[in-house]
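Visitor: Got a structure for you, start31.pdb, holding PDB, C-alpha atoms.
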```
ATOM      1  CA  MET V   1     -51.605-113.727 -56.739
ATOM      2  CA  THR V   2     -50.308-113.842 -60.324
ATOM      3  CA  ASP V   3     -47.051-112.237 -59.194
ATOM      4  CA  LEU V   4     -46.664-114.895 -56.471
ATOM      5  CA  MET V   5     -47.289-117.712 -58.947
ATOM      6  CA  THR V   6     -44.736-116.234 -61.303
ATOM      7  CA  LEU V   7     -42.252-115.835 -58.451
ATOM      8  CA  PHE V   8     -42.582-119.419 -57.215
ATOM      9  CA  SER V   9     -42.397-120.851 -60.720
ATOM     10  CA  ASP V  10     -38.673-120.128 -60.552
ATOM     11  CA  PRO V  11     -36.665-123.103 -59.154
ATOM     12  CA  ALA V  12     -34.048-120.687 -57.810
ATOM     13  CA  VAL V  13     -36.698-119.127 -55.573
ATOM     14  CA  TRP V  14     -37.592-122.557 -54.130
ATOM     15  CA  ALA V  15     -33.904-123.241 -53.497
ATOM     16  CA  ALA V  16     -33.566-119.894 -51.718
ATOM     17  CA  LEU V  17     -36.699-120.615 -49.679
ATOM     18  CA  LEU V  18     -35.458-124.040 -48.561
ATOM     19  CA  THR V  19     -32.040-122.669 -47.645
ATOM     20  CA  LEU V  20     -33.562-119.770 -45.752
ATOM     21  CA  VAL V  21     -35.988-122.012 -43.849
ATOM     22  CA  VAL V  22     -33.072-124.180 -42.682
ATOM     23  CA  MET V  23     -31.103-121.080 -41.683
ATOM     24  CA  GLU V  24     -34.030-119.584 -39.785
ATOM     25  CA  VAL V  25     -34.708-122.854 -37.940
ATOM     26  CA  VAL V  26     -31.047-123.111 -36.924
ATOM     27  CA  LEU V  27     -30.958-119.477 -35.807
ATOM     28  CA  GLY V  28     -34.158-120.095 -33.818
ATOM     29  CA  ILE V  29     -32.445-122.753 -31.688
ATOM     30  CA  ASP V  30     -30.744-120.058 -29.590
ATOM     31  CA  ASN V  31     -34.059-118.335 -28.987
ATOM     32  CA  LEU V  32     -35.769-121.633 -28.154
ATOM     33  CA  ILE V  33     -33.141-122.706 -25.597
ATOM     34  CA  PHE V  34     -33.523-119.422 -23.727
ATOM     35  CA  ILE V  35     -37.325-119.627 -23.762
ATOM     36  CA  SER V  36     -37.187-123.244 -22.518
ATOM     37  CA  ILE V  37     -34.866-122.454 -19.608
ATOM     38  CA  LEU V  38     -36.758-119.336 -18.548
ATOM     39  CA  SER V  39     -40.208-120.938 -18.811
ATOM     40  CA  ASN V  40     -39.052-123.857 -16.652
ATOM     41  CA  LYS V  41     -38.485-121.377 -13.808
ATOM     42  CA  LEU V  42     -42.223-120.642 -13.711
ATOM     43  CA  PRO V  43     -44.914-122.718 -11.950
ATOM     44  CA  GLU V  44     -45.749-125.803 -13.988
ATOM     45  CA  HIS V  45     -49.217-124.611 -14.995
ATOM     46  CA  GLN V  46     -47.735-121.447 -16.558
ATOM     47  CA  ARG V  47     -44.829-122.976 -18.474
ATOM     48  CA  GLN V  48     -46.567-124.021 -21.651
ATOM     49  CA  LYS V  49     -48.415-120.719 -21.875
ATOM     50  CA  ALA V  50     -45.163-118.787 -21.433
ATOM     51  CA  ARG V  51     -43.546-120.773 -24.245
ATOM     52  CA  ARG V  52     -46.519-120.212 -26.537
ATOM     53  CA  VAL V  53     -46.604-116.475 -25.817
ATOM     54  CA  GLY V  54     -42.818-116.152 -26.133
ATOM     55  CA  ILE V  55     -42.695-117.877 -29.506
ATOM     56  CA  GLY V  56     -45.767-115.959 -30.667
ATOM     57  CA  LEU V  57     -44.005-112.714 -29.778
ATOM     58  CA  ALA V  58     -40.957-113.908 -31.726
ATOM     59  CA  LEU V  59     -43.159-114.356 -34.798
ATOM     60  CA  VAL V  60     -44.789-110.945 -34.351
ATOM     61  CA  MET V  61     -41.375-109.330 -33.879
ATOM     62  CA  ARG V  62     -39.943-110.929 -37.011
ATOM     63  CA  LEU V  63     -42.945-110.060 -39.184
ATOM     64  CA  ALA V  64     -42.918-106.489 -37.853
ATOM     65  CA  LEU V  65     -39.236-106.163 -38.747
ATOM     66  CA  LEU V  66     -39.909-107.577 -42.217
ATOM     67  CA  SER V  67     -42.485-104.841 -42.738
ATOM     68  CA  MET V  68     -39.773-102.279 -41.966
ATOM     69  CA  ILE V  69     -36.922-103.722 -44.023
ATOM     70  CA  SER V  70     -35.603-100.356 -45.193
ATOM     71  CA  TRP V  71     -35.457 -99.138 -41.576
ATOM     72  CA  LEU V  72     -33.938-102.433 -40.426
ATOM     73  CA  VAL V  73     -31.170-102.311 -43.017
ATOM     74  CA  GLY V  74     -30.452 -98.821 -41.768
ATOM     75  CA  LEU V  75     -29.551-100.320 -38.392
ATOM     76  CA  THR V  76     -26.282-101.503 -39.944
ATOM     77  CA  ALA V  77     -25.155 -97.935 -40.661
ATOM     78  CA  PRO V  78     -22.364 -96.737 -38.310
ATOM     79  CA  VAL V  79     -23.537 -94.602 -35.388
ATOM     80  CA  PHE V  80     -20.168 -93.771 -33.817
ATOM     81  CA  ASP V  81     -16.557 -94.881 -34.098
ATOM     82  CA  LEU V  82     -13.972 -95.072 -31.306
ATOM     83  CA  GLY V  83     -11.185 -95.275 -33.878
ATOM     84  CA  ILE V  84      -9.701 -98.542 -32.589
ATOM     85  CA  VAL V  85      -9.036-101.280 -35.159
ATOM     86  CA  GLY V  86      -7.503-104.696 -34.563
ATOM     87  CA  PRO V  87      -4.662-106.229 -36.582
ATOM     88  CA  ALA V  88      -5.408-107.465 -40.088
ATOM     89  CA  GLY V  89      -6.587-111.060 -40.370
ATOM     90  CA  ALA V  90      -5.761-113.718 -42.960
ATOM     91  CA  HIS V  91      -8.045-112.112 -45.542
ATOM     92  CA  GLY V  92      -6.986-108.539 -44.817
ATOM     93  CA  GLU V  93     -10.006-107.621 -42.687
ATOM     94  CA  PRO V  94      -9.423-106.261 -39.132
ATOM     95  CA  ALA V  95      -9.679-108.776 -36.275
ATOM     96  CA  PHE V  96     -12.067-106.367 -34.557
ATOM     97  CA  GLU V  97     -13.270-102.801 -34.865
ATOM     98  CA  THR V  98     -15.003-100.201 -32.731
ATOM     99  CA  GLN V  99     -17.235 -98.692 -35.400
ATOM    100  CA  PHE V 100     -20.660 -99.436 -33.948
ATOM    101  CA  SER V 101     -24.085 -99.498 -35.585
ATOM    102  CA  TRP V 102     -27.412 -99.888 -33.800
ATOM    103  CA  ARG V 103     -27.344-103.571 -34.783
ATOM    104  CA  ASP V 104     -23.955-103.955 -33.087
ATOM    105  CA  LEU V 105     -25.201-102.257 -29.917
ATOM    106  CA  ILE V 106     -28.304-104.472 -29.830
ATOM    107  CA  LEU V 107     -26.174-107.610 -30.219
ATOM    108  CA  ILE V 108     -23.738-106.501 -27.505
ATOM    109  CA  ALA V 109     -26.576-105.693 -25.085
ATOM    110  CA  GLY V 110     -28.243-109.037 -25.810
ATOM    111  CA  GLY V 111     -24.955-110.889 -25.384
ATOM    112  CA  LEU V 112     -24.277-109.225 -22.030
ATOM    113  CA  PHE V 113     -27.797-110.108 -20.866
ATOM    114  CA  LEU V 114     -27.299-113.758 -21.863
ATOM    115  CA  LEU V 115     -23.929-113.914 -20.095
ATOM    116  CA  TRP V 116     -25.459-112.452 -16.929
ATOM    117  CA  LYS V 117     -28.507-114.731 -17.022
ATOM    118  CA  ALA V 118     -26.574-117.932 -17.760
ATOM    119  CA  THR V 119     -23.874-117.163 -15.167
ATOM    120  CA  LYS V 120     -26.527-116.493 -12.538
ATOM    121  CA  GLU V 121     -28.312-119.791 -13.268
ATOM    122  CA  ILE V 122     -25.030-121.751 -13.263
ATOM    123  CA  HIS V 123     -24.108-120.196  -9.906
ATOM    124  CA  HIS V 124     -27.411-121.326  -8.382
ATOM    125  CA  ALA V 125     -26.943-124.833  -9.790
ATOM    126  CA  MET V 126     -23.348-125.153  -8.547
ATOM    127  CA  ASP V 127     -23.791-123.748  -5.012
ATOM    128  CA  PRO V 128     -25.283-126.503  -2.788
ATOM    129  CA  VAL V 129     -25.492-124.316   0.330
ATOM    130  CA  PRO V 130     -27.566-121.183  -0.315
ATOM    131  CA  SER V 131     -26.369-118.017   1.389
ATOM    132  CA  GLU V 132     -28.620-115.301   2.766
ATOM    133  CA  HIS V 133     -28.159-113.390  -0.468
ATOM    134  CA  ASP V 134     -29.176-116.500  -2.446
ATOM    135  CA  LEU V 135     -32.302-116.933  -0.325
ATOM    136  CA  LEU V 136     -33.300-113.332  -0.992
ATOM    137  CA  ASP V 137     -32.540-113.839  -4.677
ATOM    138  CA  LYS V 138     -34.608-117.026  -4.664
ATOM    139  CA  GLU V 139     -37.548-115.110  -3.220
ATOM    140  CA  ALA V 140     -37.118-112.516  -5.962
ATOM    141  CA  THR V 141     -37.049-115.299  -8.569
ATOM    142  CA  ALA V 142     -40.202-116.815  -7.090
ATOM    143  CA  ALA V 143     -41.786-113.396  -7.309
ATOM    144  CA  LEU V 144     -40.944-113.360 -11.016
ATOM    145  CA  ASN V 145     -44.418-113.724 -12.349
ATOM    146  CA  PHE V 146     -45.629-114.640 -15.784
ATOM    147  CA  GLY V 147     -45.379-111.042 -16.973
ATOM    148  CA  GLY V 148     -41.774-110.709 -15.801
ATOM    149  CA  ALA V 149     -40.773-113.852 -17.684
ATOM    150  CA  ILE V 150     -42.489-112.605 -20.840
ATOM    151  CA  VAL V 151     -40.629-109.277 -20.615
ATOM    152  CA  GLN V 152     -37.278-111.102 -20.496
ATOM    153  CA  ILE V 153     -38.293-113.358 -23.382
ATOM    154  CA  LEU V 154     -39.417-110.297 -25.364
ATOM    155  CA  LEU V 155     -36.042-108.593 -24.872
ATOM    156  CA  LEU V 156     -34.157-111.602 -26.221
ATOM    157  CA  ASP V 157     -36.745-112.065 -28.980
ATOM    158  CA  MET V 158     -35.800-108.610 -30.197
ATOM    159  CA  VAL V 159     -32.081-109.445 -30.306
ATOM    160  CA  PHE V 160     -32.543-112.779 -32.065
ATOM    161  CA  SER V 161     -35.161-111.333 -34.423
ATOM    162  CA  VAL V 162     -32.835-108.572 -35.638
ATOM    163  CA  ASP V 163     -30.105-111.145 -36.333
ATOM    164  CA  SER V 164     -32.597-113.505 -38.006
ATOM    165  CA  ILE V 165     -34.166-110.937 -40.312
ATOM    166  CA  LEU V 166     -30.855-109.382 -41.330
ATOM    167  CA  THR V 167     -29.743-112.897 -42.307
ATOM    168  CA  ALA V 168     -32.904-113.280 -44.387
ATOM    169  CA  VAL V 169     -32.380-109.923 -46.069
ATOM    170  CA  GLY V 170     -28.842-110.946 -46.978
ATOM    171  CA  MET V 171     -29.998-114.176 -48.637
ATOM    172  CA  THR V 172     -32.937-113.063 -50.805
ATOM    173  CA  ASP V 173     -34.596-109.919 -52.141
ATOM    174  CA  HIS V 174     -38.110-111.426 -52.216
ATOM    175  CA  LEU V 175     -40.308-110.440 -49.258
ATOM    176  CA  PRO V 176     -42.791-113.370 -49.688
ATOM    177  CA  VAL V 177     -39.890-115.822 -49.451
ATOM    178  CA  MET V 178     -38.705-114.164 -46.219
ATOM    179  CA  VAL V 179     -42.204-114.209 -44.709
ATOM    180  CA  ILE V 180     -42.784-117.877 -45.537
ATOM    181  CA  ALA V 181     -39.360-118.880 -44.187
ATOM    182  CA  VAL V 182     -39.919-116.979 -40.936
ATOM    183  CA  VAL V 183     -43.410-118.437 -40.407
ATOM    184  CA  VAL V 184     -42.224-122.005 -41.092
ATOM    185  CA  ALA V 185     -39.243-121.579 -38.745
ATOM    186  CA  VAL V 186     -41.445-120.233 -35.933
ATOM    187  CA  LEU V 187     -43.937-123.096 -36.423
ATOM    188  CA  VAL V 188     -41.044-125.543 -36.045
ATOM    189  CA  MET V 189     -40.031-123.726 -32.848
ATOM    190  CA  LEU V 190     -43.609-123.972 -31.608
ATOM    191  CA  LEU V 191     -43.723-127.731 -32.213
ATOM    192  CA  ALA V 192     -40.311-128.300 -30.608
ATOM    193  CA  ALA V 193     -40.804-125.997 -27.610
ATOM    194  CA  ASP V 194     -42.619-128.357 -25.207
ATOM    195  CA  PRO V 195     -40.553-131.503 -25.939
ATOM    196  CA  LEU V 196     -37.290-129.548 -25.618
ATOM    197  CA  ALA V 197     -38.328-127.775 -22.409
ATOM    198  CA  ASN V 198     -39.582-131.000 -20.822
ATOM    199  CA  PHE V 199     -36.399-132.845 -21.824
ATOM    200  CA  ILE V 200     -34.238-130.087 -20.318
ATOM    201  CA  ASN V 201     -36.342-130.096 -17.145
ATOM    202  CA  ARG V 202     -36.052-133.889 -16.700
ATOM    203  CA  ASN V 203     -32.272-133.986 -17.135
ATOM    204  CA  PRO V 204     -30.257-131.714 -14.811
ATOM    205  CA  THR V 205     -27.039-132.246 -16.788
ATOM    206  CA  VAL V 206     -28.804-131.059 -19.925
ATOM    207  CA  VAL V 207     -29.764-127.873 -18.053
ATOM    208  CA  MET V 208     -26.075-127.188 -17.419
ATOM    209  CA  LEU V 209     -25.267-127.947 -21.066
ATOM    210  CA  ALA V 210     -28.009-125.567 -22.237
ATOM    211  CA  LEU V 211     -26.688-122.844 -19.922
ATOM    212  CA  GLY V 212     -23.232-123.423 -21.398
ATOM    213  CA  PHE V 213     -24.765-122.941 -24.848
ATOM    214  CA  LEU V 214     -26.255-119.626 -23.701
ATOM    215  CA  LEU V 215     -22.837-118.505 -22.419
ATOM    216  CA  MET V 216     -21.289-119.333 -25.789
ATOM    217  CA  ILE V 217     -24.105-117.634 -27.708
ATOM    218  CA  GLY V 218     -23.773-114.533 -25.519
ATOM    219  CA  ALA V 219     -20.021-114.380 -26.151
ATOM    220  CA  VAL V 220     -20.580-114.788 -29.912
ATOM    221  CA  LEU V 221     -23.169-111.986 -29.952
ATOM    222  CA  ILE V 222     -20.740-109.646 -28.184
ATOM    223  CA  ALA V 223     -17.912-110.619 -30.533
ATOM    224  CA  ASP V 224     -20.195-110.010 -33.524
ATOM    225  CA  GLY V 225     -21.053-106.585 -32.125
ATOM    226  CA  PHE V 226     -17.322-105.761 -32.067
ATOM    227  CA  GLY V 227     -16.867-106.865 -35.664
ATOM    228  CA  MET V 228     -15.353-110.277 -34.888
ATOM    229  CA  HIS V 229     -17.571-112.498 -37.022
ATOM    230  CA  VAL V 230     -17.390-116.092 -35.807
ATOM    231  CA  PRO V 231     -18.710-118.484 -38.488
ATOM    232  CA  LYS V 232     -22.079-119.783 -37.279
ATOM    233  CA  GLY V 233     -21.269-123.232 -38.660
ATOM    234  CA  TYR V 234     -18.506-123.651 -36.067
ATOM    235  CA  ILE V 235     -20.847-122.652 -33.252
ATOM    236  CA  TYR V 236     -23.649-125.007 -34.208
ATOM    237  CA  ALA V 237     -21.218-127.846 -34.944
ATOM    238  CA  ALA V 238     -19.829-127.480 -31.406
ATOM    239  CA  MET V 239     -23.350-127.421 -29.980
ATOM    240  CA  ALA V 240     -24.354-130.501 -31.982
ATOM    241  CA  PHE V 241     -21.235-132.402 -30.868
ATOM    242  CA  SER V 242     -21.822-131.483 -27.216
ATOM    243  CA  ALA V 243     -25.461-132.538 -27.480
ATOM    244  CA  LEU V 244     -24.399-135.860 -29.032
ATOM    245  CA  VAL V 245     -21.931-136.552 -26.205
ATOM    246  CA  GLU V 246     -24.589-135.685 -23.604
ATOM    247  CA  THR V 247     -27.074-137.986 -25.356
ATOM    248  CA  LEU V 248     -24.561-140.832 -25.090
ATOM    249  CA  ASN V 249     -24.112-140.023 -21.387
ATOM    250  CA  ILE V 250     -27.879-140.133 -20.824
ATOM    251  CA  LEU V 251     -28.191-143.471 -22.640
ATOM    252  CA  SER V 252     -25.253-144.827 -20.652
ATOM    253  CA  ARG V 253     -26.826-143.800 -17.339
ATOM    254  CA  ARG V 254     -30.144-145.345 -18.310
ATOM    255  CA  ALA V 255     -28.454-148.612 -19.289
ATOM    256  CA  ALA V 256     -26.554-148.657 -15.974
ATOM    257  CA  THR V 257     -29.788-148.033 -14.056
ATOM    258  CA  LYS V 258     -31.562-150.885 -15.865
ATOM    259  CA  LYS V 259     -28.605-153.188 -15.228
ATOM    260  CA  ARG V 260     -28.602-152.384 -11.505
ATOM    261  CA  ALA V 261     -32.353-152.946 -11.354
ATOM    262  CA  ALA V 262     -31.962-156.334 -13.075
ATOM    263  CA  VAL V 263     -29.193-157.356 -10.658
ATOM    264  CA  ASP V 264     -31.332-156.296  -7.684
ATOM    265  CA  ARG V 265     -34.215-158.420  -8.979
ATOM    266  CA  VAL V 266     -31.937-161.435  -9.348
ATOM    267  CA  ILE V 267     -30.616-160.987  -5.801
ATOM    268  CA  GLU V 268     -34.147-160.629  -4.417
ATOM    269  CA  SER V 269     -35.277-163.794  -6.248
ATOM    270  CA  GLU V 270     -32.344-165.764  -4.842
ATOM    271  CA  ASP V 271     -33.171-164.603  -1.326
TER     272      ASP V 271
END
```
Could you write out this structure as structure tokens?

Guide:
Amino acid sequence: MTDLMTLFSDPAVWAALLTLVVMEVVLGIDNLIFISILSNKLPEHQRQKARRVGIGLALVMRLALLSMISWLVGLTAPVFDLGIVGPAGAHGEPAFETQFSWRDLILIAGGLFLLWKATKEIHHAMDPVPSEHDLLDKEATAALNFGGAIVQILLLDMVFSVDSILTAVGMTDHLPVMVIAVVVAVLVMLLAADPLANFINRNPTVVMLALGFLLMIGAVLIADGFGMHVPKGYIYAAMAFSALVETLNILSRRAATKKRAAVDRVIESED
């Protein structure tokens, strides 16, 4: 306890904690969007439970990884190298490389899974006339029970947790600061889960936007696995701008609906 009091008496530690909390919350958005979309595929009475369990597993996964920091850092060590290197960039670093660590392989696998899942959901949303294959696939989706959804959430939790904790390790050396930041970020996810999922479910265009986000996140994970590090600020700025435009579209549609309703009332009163 004395060590903790001494640690948190340092203003620099509080600054690191605040910065890390913000980073962890932002990184948790990807995880939360996937959980929201997948839970909305379940029967209504199971959705909230799936979100709670999924986010709880994310917390358990992150805390477990924090307890194995030395092993986790070892995941960044190269496992094999194909010997292919891209041209040098503006700062002299290669545009891409094929020297893979376990972290890279996990990110690539997670990115491929997100691309497959988002593409599949977009296909179902875009095809108005279901084929025989789609009907069979729909039956398989309906058969996806609570446990199946949790397994998929757990797989992506692992990918996002590795990325999240490695970010934390790179920002501070103090384990208590990492633990507090992770817990606070997951609590924020827990509070935002139901409102976000319900908002996505009520607005079909937002579903398509969220699936587009998953496609972009999947592509970024794969690129990161190949050594092409896309600045996260660009990604989240694009997501925020897209969300702002979609919010304006939603407000515009609501205003148009109210205007039509008012005109209809005037016409009915005149009749």

Visitor: Any idea what's packed within 8 Å of segment 151-162 of chain V, counting only C-alpha atoms, ignoring anything in its chain fewer than 5 positions away? Could you give it as a list in words?

Guide: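 Neighbouring residues, sequence-local ones excluded: Leu27, Gly28, Asp30, Asn31, Phe34, Ile35, Leu38, Gly54, Leu57, Ala58, Met61, Arg62, Leu65, Leu72, Arg103, Ile106, Leu107 and Gly110 of chain V.
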
Visitor: Could you state which residues are captured by the PyMOL selection byres ((chain V and resi 240-244) around 12) in this file, as a VMD selection string?

Guide: chain V and resid 26 29 200 205 to 210 212 to 213 233 to 239 245 to 251

Visitor: Which residues, written as number ranges by chain, have at least one atom at most 9 Å from segment 194-197 of chain V, with all atoms listed in the file counted and residues fewer than 5 positions away on the same chain left out?

Guide: V: 32-33, 35-37, 39-40, 47-48, 51, 202

Visitor: Have a look at V:Val169, V:Ala255, V:Met228, V:Ala149 and name the one nearest to Pro43 of chain V; count only C-alpha atoms.

Guide: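 Closest candidate: V:Ala149.
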
Visitor: Atom CA of Arg52 of chain V and atom CA of Leu187 of chain V are how many Å apart?

Guide: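 According to the coordinates, atom CA of Arg52 of chain V and atom CA of Leu187 of chain V are separated by 10.6 Å.
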
Visitor: Pick from V:Glu44, V:Glu24, V:Glu97, V:Asp81: nearest to Ala223 of chain V, with all atoms listed in the file counted?

Guide: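 So, comparing all the options, the nearest one is V:Glu97.
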
Visitor: Excluding same-chain residues fewer than 6 positions from Val21 of chain V, what lies within 9 Å of it counting only C-alpha atoms, as a PyMOL selection string?

Guide: chain V and resi 178+180-185

Visitor: As lines of an AutoDock Vina configuration file, please: the centre and edge lengths in Å, to one decimal, of an axis-aligned box enclosing every listed atom of segment 109-127 of chain V with 3 Å added on each side.

Guide:
```
center_x = -25.9
center_y = -115.4
center_z = -15.4
size_x = 11.2
size_y = 25.5
size_z = 26.8
```

Visitor: For His123 of chain V, which residue among V:Leu211, V:Ala109, V:Val13, V:Met23 is the nearest when counting all atoms listed in the file?

Guide: V:Leu211

Visitor: Once the PyMOL selection byres ((chain V and resi 76-78) around 6) is applied to the coordinates I shared, what remains selected? I want it as a list of chain:residue names.

Guide: V:Val73, V:Gly74, V:Leu75, V:Val79, V:Phe80, V:Phe100, V:Ser101, V:Arg103

Visitor: Mind dumping the selected residues with C-alpha atoms as a PDB file, keeping the file's coordinate frame?

Guide:
```pdb
ATOM      1  CA  VAL V  73     -31.170-102.311 -43.017  1.00  0.00           C
ATOM      2  CA  GLY V  74     -30.452 -98.821 -41.768  1.00  0.00           C
ATOM      3  CA  LEU V  75     -29.551-100.320 -38.392  1.00  0.00           C
ATOM      4  CA  VAL V  79     -23.537 -94.602 -35.388  1.00  0.00           C
ATOM      5  CA  PHE V  80     -20.168 -93.771 -33.817  1.00  0.00           C
ATOM      6  CA  PHE V 100     -20.660 -99.436 -33.948  1.00  0.00           C
ATOM      7  CA  SER V 101     -24.085 -99.498 -35.585  1.00  0.00           C
ATOM      8  CA  ARG V 103     -27.344-103.571 -34.783  1.00  0.00           C
TER       9      ARG V 103
END
```

Visitor: Could you please determine the separation between atom CA of Leu17 of chain V and atom CA of Val177 of chain V in Å, to one decimal place?

Guide: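 A separation of 5.8 Å between them.
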
Visitor: Between atom CA of Met126 of chain V and atom CA of Thr257 of chain V, what is the spacing in Å?

Guide: 24.4 Å
